[in-house]
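Q: Can you keep this structure in mind? I'll have questions shortly.
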Amino acid sequence: MVLDERFDSVTGTWYISLDGEIDIYNAPEFKERLHQLIQRQSGNFVLDCRGLNYIDSTGLGVLISALRRVKEYGGEIKIQNLKPYLKKIFVITGLDKIFTIEVGNHEQ
Amino acid sequence: MVLDERFDSVTGTWYISLDGEIDIYNAPEFKERLHQLIQRQSGNFVLDCRGLNYIDSTGLGVLISALRRVKEYGGEIKIQNLKPYLKKIFVITGLDKIFTIEVGNHEQ
Amino acid sequence: MSSDLITLSVPAKPEYVMITRLTSAAVATRIGFDVDQIEDIKMAVAEAIIMIINQLISPDKLLVIFSLEPKLISVKILGEGNWDSNDISTHDLGQAQLSKYILGSMMDKVEYQIDNGTIQAILMHKNLGV
Amino acid sequence: MSSDLITLSVPAKPEYVMITRLTSAAVATRIGFDVDQIEDIKMAVAEAIIMIINQLISPDKLLVIFSLEPKLISVKILGEGNWDSNDISTHDLGQAQLSKYILGSMMDKVEYQIDNGTIQAILMHKNLGV
Ligand SMILES: Nc1ncnc2c1ncn2[C@@H]1O[C@H](COP(=O)(O)OP(=O)(O)O)[C@@H](O)[C@H]1O
Ligand SMILES: Nc1ncnc2c1ncn2[C@@H]1O[C@H](COP(=O)(O)OP(=O)(O)O)[C@@H](O)[C@H]1O
C-alpha cells in the first residue's frame, strides 16, 4: 500500500510511493497512515502512483479526507504517474479537479 | 498455447515453444496440433516450456498420447525449461521417467 | 440456449471483496472482454459491493451472479442472509456518490433495487465490443 | 466463531474451469498461503473438477465450497443439477489416475464421495504453514 515515505524539509513536502492495491480492506490503514504523517509534519504531499494497480472509492475517500486536512494549512496534494485506467477514475468522479494530477514522470 | 513450431531437418527434430496455460479447455486443440505435426513429419520433439505457466492432467494426457505415437517410430520427447512448480507435477505423476526432462536453458 | 450462470457467494466483509474482483476479472476474460473492459467490470462489481456493505443496515452475505450471453455480461450483486445494523460502514454519502459515478461510467446499464432506503441489490450489464 | 464460507457455482464445462482456478487462488491468497501453496490449491481444485467432469455420467453444474479457518482451508467440490451421460469426457482411467496423484500430493487430506462408481464430490483440505 504505502511503499515508501520521506519528508523533504527544503520544499516542505512529503514524498510517498503507493503500491499494489488500495481497497475497502486496507483503506482504514491507509487513512491512519496519512493522518499520522500530517500530524507529524504538516506539508504538501506528492503521491507517486507508479506502483499502484488499483484504488476503489474507499481509497479515493481517504485521499479526499487527507486533502481536507492538508487544505486547512494551505497545502496541496499532487498525484503523479497514475496508470491510465486509474486516472480515468479520478476524471469520472471529478476528483481530477480537486487534486493536482500530473501525468508522466516528475521525479525529485 | 503453442507459440511457435519449427522442424529442423538436420537433426530431424520439431522445436516447439509452449506458452500460457494448457488446461481442460484448450487441451483438445493442443492434442490436435501435436498430432498434425507428427503426421506432417515424424521426428523427435523438443518442447520449450519457458513460457508455460500452467498445465493440468488433461495437458499431461496429451503429452502422453503424443509420446506414444512418437515412440512408435523410435523418437523421443524432450521437455525443457519447466518452471519448478510444473516440474513438480511431472515428478508427482511419474512422468519425469517417461519424458526426458531437461533443467535449465538448452537453446539450439 | 439459455445463458450460463456463474454465482459467487462471500461473507459481506471487506477482506473478501478482493476475491469478487478476481472472480469478476476471470469471468470477463472468459467471455472475451478486452483488458480495459475487464478492469471496468472488476471495478464496477467491487463498487456495487462497497455500496451494499457501506449502508446503515447491511447484509452478512453477498451474492454475485454473473449471467453470460454471447455479447453481454450481466451481473447482479445482492445482499443475502441477515440484514443488521452495520459496524464497519462509514455511512458516508459522499462515498456512495463516488461509487455511483464509477458504476455509471463503467457499465452500460445499472439498476438499483431499493427497499426502505436500503439498497438490496444492484443489477448491471455491459455489452461486449462497444 | 464459525468458519467463513465462500461458494462458487459454474456450469460443468471446460471453459469455466479457469474461473474456479483464479477464484481458488484469490481465496488462498486471502488466508495467507504462500505462492507455492496457492499454486497447489489452484491445481488441486482444477484436478478435482476434471475428475468429476471426466466421468461417464457427469453433472451439469459444479459447486466449489471453500471453508476458511485461521490455519486451514477446506474445499468441497461437488457435482450439482442433472447428472447425465457425458459428451465431453474422455472416460480415461489413466487420466483420472494422473488427477489422483496430483490431488494427493497437493493437499493434506483428500476424500472421495462415490456413489455407484461415480464420484459425486471431493473434499480436501490443506493446512497453513506446513
Ligand atoms: N502412464 C500413464 N499414466 C497416466 N495416464 C496415462 C498413462 N498412459 C496413458 N495415459 C492416459 O492415456 C491417454 C493417452 O493414451 P492414447 O491411447 O495415446 O490416447 P489417444 O488415442 O487419444 O491419443 C492420456 O490421456 C493419458 O491420460
Ligand atoms: N467532493 C466529494 N465527492 C465525493 N465524496 C466526498 C467528497 N468530499 C468528501 N467526500 C467523502 O467524505 C469523506 C471524507 O470526509 P472527511 O470529513 O474528511 O472524513 P474524515 O473526517 O473521516 O477524515 C470521504 O470518505 C469521501 O467519501
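For the C-alpha cells, the naming scheme is as follows: chains receive sequential letters (A, B, ...) according to their order of presentation, residues are indexed from 1 within each chain, and ligands are indexed from 1 in presentation order.
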Give me the residues within 9 Å of Pro14 of chain D as a count of residues only, counting only C-alpha atoms and dropping any in the same chain fewer than 6 places off.
A: 7
Q: Residues up to 9 Å from ligand 1, counting only C-alpha atoms and all ligand atoms: could you list those as a list in words?
A: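 Result of the 9 Å neighbour search around ligand 1: Lys31, His35, Ser57, Thr58, Gly59, Leu60, Gly61, Val62, Leu63, Ile64, Ser65, Ala66, Leu67, Arg68, Arg69, Thr93, Gly94, Leu95 and Ile98 of chain B; Thr90, Asp92, Leu93, Gly94, Gln95, Ala96, Gln97, Leu98 and Ser99 of chain D.
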Q: If DSSP is run on the backbone, what residues of chain A are helix (DSSP H, G or I)? A reply as a PyMOL selection string would be ideal.
A: chain A and resi 27-40+57-72+84-92+95-97
Q: As an exercise, work out the distance from atom CA of Ser67 of chain D to atom CA of Ile114 of chain D in Å and give it to one decimal place.
A: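 Interatomic distance here is 21.3 Å.
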Q: Considering only C-alpha atoms, give me a table of residues in chain C that are at most 9 Å from chain D, with the closest atom pair and distance in Å for each, as a Markdown table.
A:
| residue | atom | partner | partner_atom | distance |
| --- | --- | --- | --- | --- |
| C:Asp4 | CA | D:Pro11 | CA | 6.7 |
| C:Leu5 | CA | D:Val10 | CA | 6.6 |
| C:Ile6 | CA | D:Val10 | CA | 4.7 |
| C:Thr7 | CA | D:Ser9 | CA | 5.1 |
| C:Leu8 | CA | D:Leu8 | CA | 4.4 |
| C:Ser9 | CA | D:Thr7 | CA | 5.1 |
| C:Val10 | CA | D:Ile6 | CA | 4.8 |
| C:Pro11 | CA | D:Asp4 | CA | 6.7 |
| C:Glu15 | CA | D:Arg30 | CA | 7.4 |
| C:Tyr16 | CA | D:Arg30 | CA | 7.6 |
| C:Met18 | CA | D:Ala26 | CA | 7.4 |
| C:Ile19 | CA | D:Ala26 | CA | 5.3 |
| C:Thr20 | CA | D:Thr23 | CA | 8.1 |
| C:Leu22 | CA | D:Thr23 | CA | 6.5 |
| C:Thr23 | CA | D:Thr23 | CA | 5.3 |
| C:Ser24 | CA | D:Ile19 | CA | 8.8 |
| C:Ala25 | CA | D:Ile19 | CA | 8.8 |
| C:Ala26 | CA | D:Ile19 | CA | 5.3 |
| C:Val27 | CA | D:Ile19 | CA | 6.3 |
| C:Arg30 | CA | D:Glu15 | CA | 7.4 |
Q: Given the selection you just returned, output its residues as a file containing C-alpha atoms, formatted as a tab-separated table (two decimals), in the first residue's frame.
A:
chain	number	residue	atom	x	y	z
C	4	ASP	CA	-24.68	-19.62	-18.49
C	5	LEU	CA	-24.80	-18.59	-14.84
C	6	ILE	CA	-21.86	-18.27	-12.51
C	7	THR	CA	-22.57	-17.43	-8.90
C	8	LEU	CA	-20.22	-16.47	-6.12
C	9	SER	CA	-21.19	-16.05	-2.51
C	10	VAL	CA	-18.90	-14.44	0.07
C	11	PRO	CA	-19.27	-13.10	3.61
C	15	GLU	CA	-11.37	-8.78	3.20
C	16	TYR	CA	-13.42	-10.80	0.71
C	18	MET	CA	-10.73	-8.83	-3.44
C	19	ILE	CA	-11.99	-12.34	-4.22
C	20	THR	CA	-15.04	-10.97	-6.02
C	22	LEU	CA	-10.55	-11.55	-9.21
C	23	THR	CA	-13.50	-13.79	-10.00
C	24	SER	CA	-15.11	-10.98	-11.98
C	25	ALA	CA	-11.91	-10.47	-13.93
C	26	ALA	CA	-11.76	-14.20	-14.70
C	27	VAL	CA	-15.37	-14.28	-15.87
C	30	ARG	CA	-13.56	-15.86	-20.39
Q: Mind checking which residues fall within 6 Å of segment 36-46 of chain B, counting only C-alpha atoms, ignoring those fewer than 5 positions away in the same chain, and posting them as a list of chain:residue names?
A: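 My reading of the contact set: B:Gly12, B:Thr13, B:Trp14, B:Tyr15, B:Gly75, B:Glu76, B:Ile77, B:Lys78, B:Ile79.
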Q: Restrict the selected residues to all heavy atoms and save them as a short mmCIF file (atom, residue, chain, number, x, y, z; two decimals), in the first residue's frame.
A:
data_model
loop_
_atom_site.label_atom_id
_atom_site.label_comp_id
_atom_site.auth_asym_id
_atom_site.auth_seq_id
_atom_site.Cartn_x
_atom_site.Cartn_y
_atom_site.Cartn_z
N GLY B 12 16.38 -33.70 -37.48
CA GLY B 12 15.09 -34.41 -37.51
C GLY B 12 14.25 -34.14 -36.28
O GLY B 12 13.65 -35.04 -35.70
N THR B 13 14.21 -32.87 -35.89
CA THR B 13 13.55 -32.54 -34.62
C THR B 13 12.57 -31.37 -34.77
O THR B 13 12.87 -30.36 -35.41
CB THR B 13 14.62 -32.14 -33.57
OG1 THR B 13 15.54 -33.22 -33.40
CG2 THR B 13 13.98 -31.82 -32.22
N TRP B 14 11.40 -31.52 -34.17
CA TRP B 14 10.44 -30.41 -34.02
C TRP B 14 10.80 -29.61 -32.78
O TRP B 14 10.86 -30.15 -31.68
CB TRP B 14 9.02 -30.96 -33.85
CG TRP B 14 8.34 -31.37 -35.11
CD1 TRP B 14 8.11 -32.65 -35.53
CD2 TRP B 14 7.77 -30.52 -36.11
NE1 TRP B 14 7.44 -32.65 -36.74
CE2 TRP B 14 7.22 -31.35 -37.11
CE3 TRP B 14 7.67 -29.12 -36.26
CZ2 TRP B 14 6.58 -30.84 -38.25
CZ3 TRP B 14 7.04 -28.61 -37.39
CH2 TRP B 14 6.50 -29.47 -38.37
N TYR B 15 11.02 -28.31 -32.95
CA TYR B 15 11.20 -27.41 -31.80
C TYR B 15 9.91 -26.64 -31.60
O TYR B 15 9.45 -25.93 -32.50
CB TYR B 15 12.37 -26.45 -32.04
CG TYR B 15 13.69 -27.17 -32.02
CD1 TYR B 15 14.25 -27.68 -33.19
CD2 TYR B 15 14.34 -27.39 -30.81
CE1 TYR B 15 15.44 -28.39 -33.16
CE2 TYR B 15 15.55 -28.09 -30.78
CZ TYR B 15 16.08 -28.59 -31.96
OH TYR B 15 17.25 -29.29 -31.91
N GLY B 75 11.14 -42.32 -31.77
CA GLY B 75 11.52 -40.95 -31.41
C GLY B 75 11.43 -40.70 -29.91
O GLY B 75 11.06 -41.59 -29.14
N GLU B 76 11.79 -39.49 -29.52
CA GLU B 76 11.64 -39.14 -28.11
C GLU B 76 11.13 -37.72 -27.96
O GLU B 76 11.16 -36.92 -28.90
CB GLU B 76 12.97 -39.32 -27.35
CG GLU B 76 14.06 -38.40 -27.83
CD GLU B 76 15.26 -38.33 -26.87
OE1 GLU B 76 15.13 -38.73 -25.70
OE2 GLU B 76 16.31 -37.84 -27.30
N ILE B 77 10.63 -37.41 -26.76
CA ILE B 77 10.15 -36.05 -26.46
C ILE B 77 10.97 -35.49 -25.30
O ILE B 77 11.02 -36.10 -24.23
CB ILE B 77 8.65 -36.04 -26.10
CG1 ILE B 77 7.81 -36.53 -27.29
CG2 ILE B 77 8.20 -34.64 -25.67
CD1 ILE B 77 6.30 -36.48 -27.06
N LYS B 78 11.63 -34.38 -25.58
CA LYS B 78 12.39 -33.70 -24.53
C LYS B 78 11.60 -32.49 -24.06
O LYS B 78 11.05 -31.75 -24.87
CB LYS B 78 13.71 -33.17 -25.08
CG LYS B 78 14.83 -34.15 -25.03
CD LYS B 78 16.15 -33.48 -25.34
CE LYS B 78 17.18 -34.56 -25.67
NZ LYS B 78 18.32 -34.04 -26.41
N ILE B 79 11.58 -32.30 -22.75
CA ILE B 79 10.85 -31.15 -22.19
C ILE B 79 11.85 -30.26 -21.48
O ILE B 79 12.57 -30.70 -20.59
CB ILE B 79 9.75 -31.65 -21.24
CG1 ILE B 79 8.76 -32.49 -22.06
CG2 ILE B 79 9.04 -30.49 -20.57
CD1 ILE B 79 7.66 -33.10 -21.25
#
Q: Please list as a ChimeraX atom specification every residue within 8 Å of Asp48 of chain A, counting only C-alpha atoms and excluding residues in the same chain fewer than 5 positions away.
A: /A:15-18,79-82
Q: If you run DSSP on the backbone here, which positions in segment 7-80 of chain B get strand (DSSP E)? Please write them as number ranges by chain.
A: B: 7-8, 13-22, 44-55, 77-80
Q: Can you spit out the residues from that selection as a compact mmCIF listing (two decimals), in the first residue's frame, using N, CA and C atoms?
A:
# COMPACT_ATOMS: atom_id res chain seq x y z
N PHE B 7 10.59 -27.20 -37.71
CA PHE B 7 11.21 -28.51 -37.86
C PHE B 7 12.64 -28.29 -38.34
N ASP B 8 13.60 -28.89 -37.63
CA ASP B 8 15.00 -28.82 -38.02
C ASP B 8 15.33 -30.12 -38.75
N THR B 13 14.21 -32.87 -35.89
CA THR B 13 13.55 -32.54 -34.62
C THR B 13 12.57 -31.37 -34.77
N TRP B 14 11.40 -31.52 -34.17
CA TRP B 14 10.44 -30.41 -34.02
C TRP B 14 10.80 -29.61 -32.78
N TYR B 15 11.02 -28.31 -32.95
CA TYR B 15 11.20 -27.41 -31.80
C TYR B 15 9.91 -26.64 -31.60
N ILE B 16 9.36 -26.79 -30.41
CA ILE B 16 8.06 -26.19 -30.13
C ILE B 16 8.13 -25.37 -28.85
N SER B 17 7.61 -24.15 -28.91
CA SER B 17 7.54 -23.36 -27.68
C SER B 17 6.11 -23.37 -27.16
N LEU B 18 5.97 -23.70 -25.88
CA LEU B 18 4.65 -23.66 -25.27
C LEU B 18 4.51 -22.38 -24.47
N ASP B 19 3.28 -21.92 -24.38
CA ASP B 19 3.05 -20.59 -23.84
C ASP B 19 1.75 -20.57 -23.03
N GLY B 20 1.72 -19.81 -21.95
CA GLY B 20 0.47 -19.60 -21.21
C GLY B 20 0.01 -20.84 -20.48
N GLU B 21 -1.24 -21.22 -20.69
CA GLU B 21 -1.85 -22.31 -19.94
C GLU B 21 -2.34 -23.41 -20.88
N ILE B 22 -2.10 -24.65 -20.47
CA ILE B 22 -2.70 -25.78 -21.18
C ILE B 22 -3.61 -26.48 -20.19
N ASN B 44 11.87 -36.27 -33.64
CA ASN B 44 11.89 -36.05 -32.20
C ASN B 44 11.21 -34.73 -31.89
N PHE B 45 10.87 -34.56 -30.61
CA PHE B 45 10.25 -33.31 -30.20
C PHE B 45 11.05 -32.67 -29.06
N VAL B 46 11.26 -31.38 -29.18
CA VAL B 46 11.80 -30.61 -28.06
C VAL B 46 10.78 -29.54 -27.72
N LEU B 47 10.24 -29.64 -26.51
CA LEU B 47 9.23 -28.67 -26.08
C LEU B 47 9.86 -27.67 -25.13
N ASP B 48 9.92 -26.42 -25.55
CA ASP B 48 10.44 -25.38 -24.68
C ASP B 48 9.30 -24.80 -23.85
N CYS B 49 9.35 -25.02 -22.54
CA CYS B 49 8.24 -24.64 -21.66
C CYS B 49 8.52 -23.36 -20.87
N ARG B 50 9.49 -22.61 -21.34
CA ARG B 50 9.84 -21.34 -20.68
C ARG B 50 8.62 -20.45 -20.44
N GLY B 51 7.73 -20.39 -21.40
CA GLY B 51 6.57 -19.50 -21.28
C GLY B 51 5.33 -20.20 -20.73
N LEU B 52 5.46 -21.45 -20.36
CA LEU B 52 4.29 -22.19 -19.88
C LEU B 52 4.05 -21.90 -18.41
N ASN B 53 2.84 -21.46 -18.07
CA ASN B 53 2.52 -21.11 -16.69
C ASN B 53 1.68 -22.14 -15.97
N TYR B 54 1.07 -23.01 -16.75
CA TYR B 54 0.16 -23.96 -16.12
C TYR B 54 -0.09 -25.12 -17.06
N ILE B 55 -0.11 -26.32 -16.51
CA ILE B 55 -0.57 -27.47 -17.30
C ILE B 55 -1.32 -28.39 -16.35
N ILE B 77 10.63 -37.41 -26.76
CA ILE B 77 10.15 -36.05 -26.46
C ILE B 77 10.97 -35.49 -25.30
N LYS B 78 11.63 -34.38 -25.58
CA LYS B 78 12.39 -33.70 -24.53
C LYS B 78 11.60 -32.49 -24.06
N ILE B 79 11.58 -32.30 -22.75
CA ILE B 79 10.85 -31.15 -22.19
C ILE B 79 11.85 -30.26 -21.48
N GLN B 80 11.90 -29.00 -21.90
CA GLN B 80 12.92 -28.08 -21.39
C GLN B 80 12.32 -26.89 -20.67
Q: Of the residues C:Met107, C:Gly79, C:Leu68, C:Asn127, which is the one nearest to Ile41 of chain C, using only C-alpha atoms?
A: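 Result for the nearest residue to Ile41 of chain C: C:Met107.
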Q: Here is a test: counting only C-alpha atoms, which residue of D:Asp36, D:Val45, D:Glu80, D:Ile52 is nearest to chain B?
A: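 Counting only C-alpha atoms, the residue closest to chain B is D:Asp36.
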Q: Which distance in Å separates atom CA of Gln113 of chain D and atom CA of Met51 of chain D, to one decimal?
A: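 Atom CA of Met51 of chain D lies at a distance of 12.0 Å from atom CA of Gln113 of chain D.
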Q: Just to confirm, what's the straight-line distance from atom 4 (C, counted along the ligand's line) of ligand 2 to atom CA of Lys126 of chain C in Å (one decimal)?
A: 24.6 Å
Q: Would you mind listing what lies within 12 Å of Asp87 of chain D as a ChimeraX atom specification, with only C-alpha atoms counted and same-chain residues fewer than 2 positions away left out?
A: /D:12-14,53-60,83-85,89-91
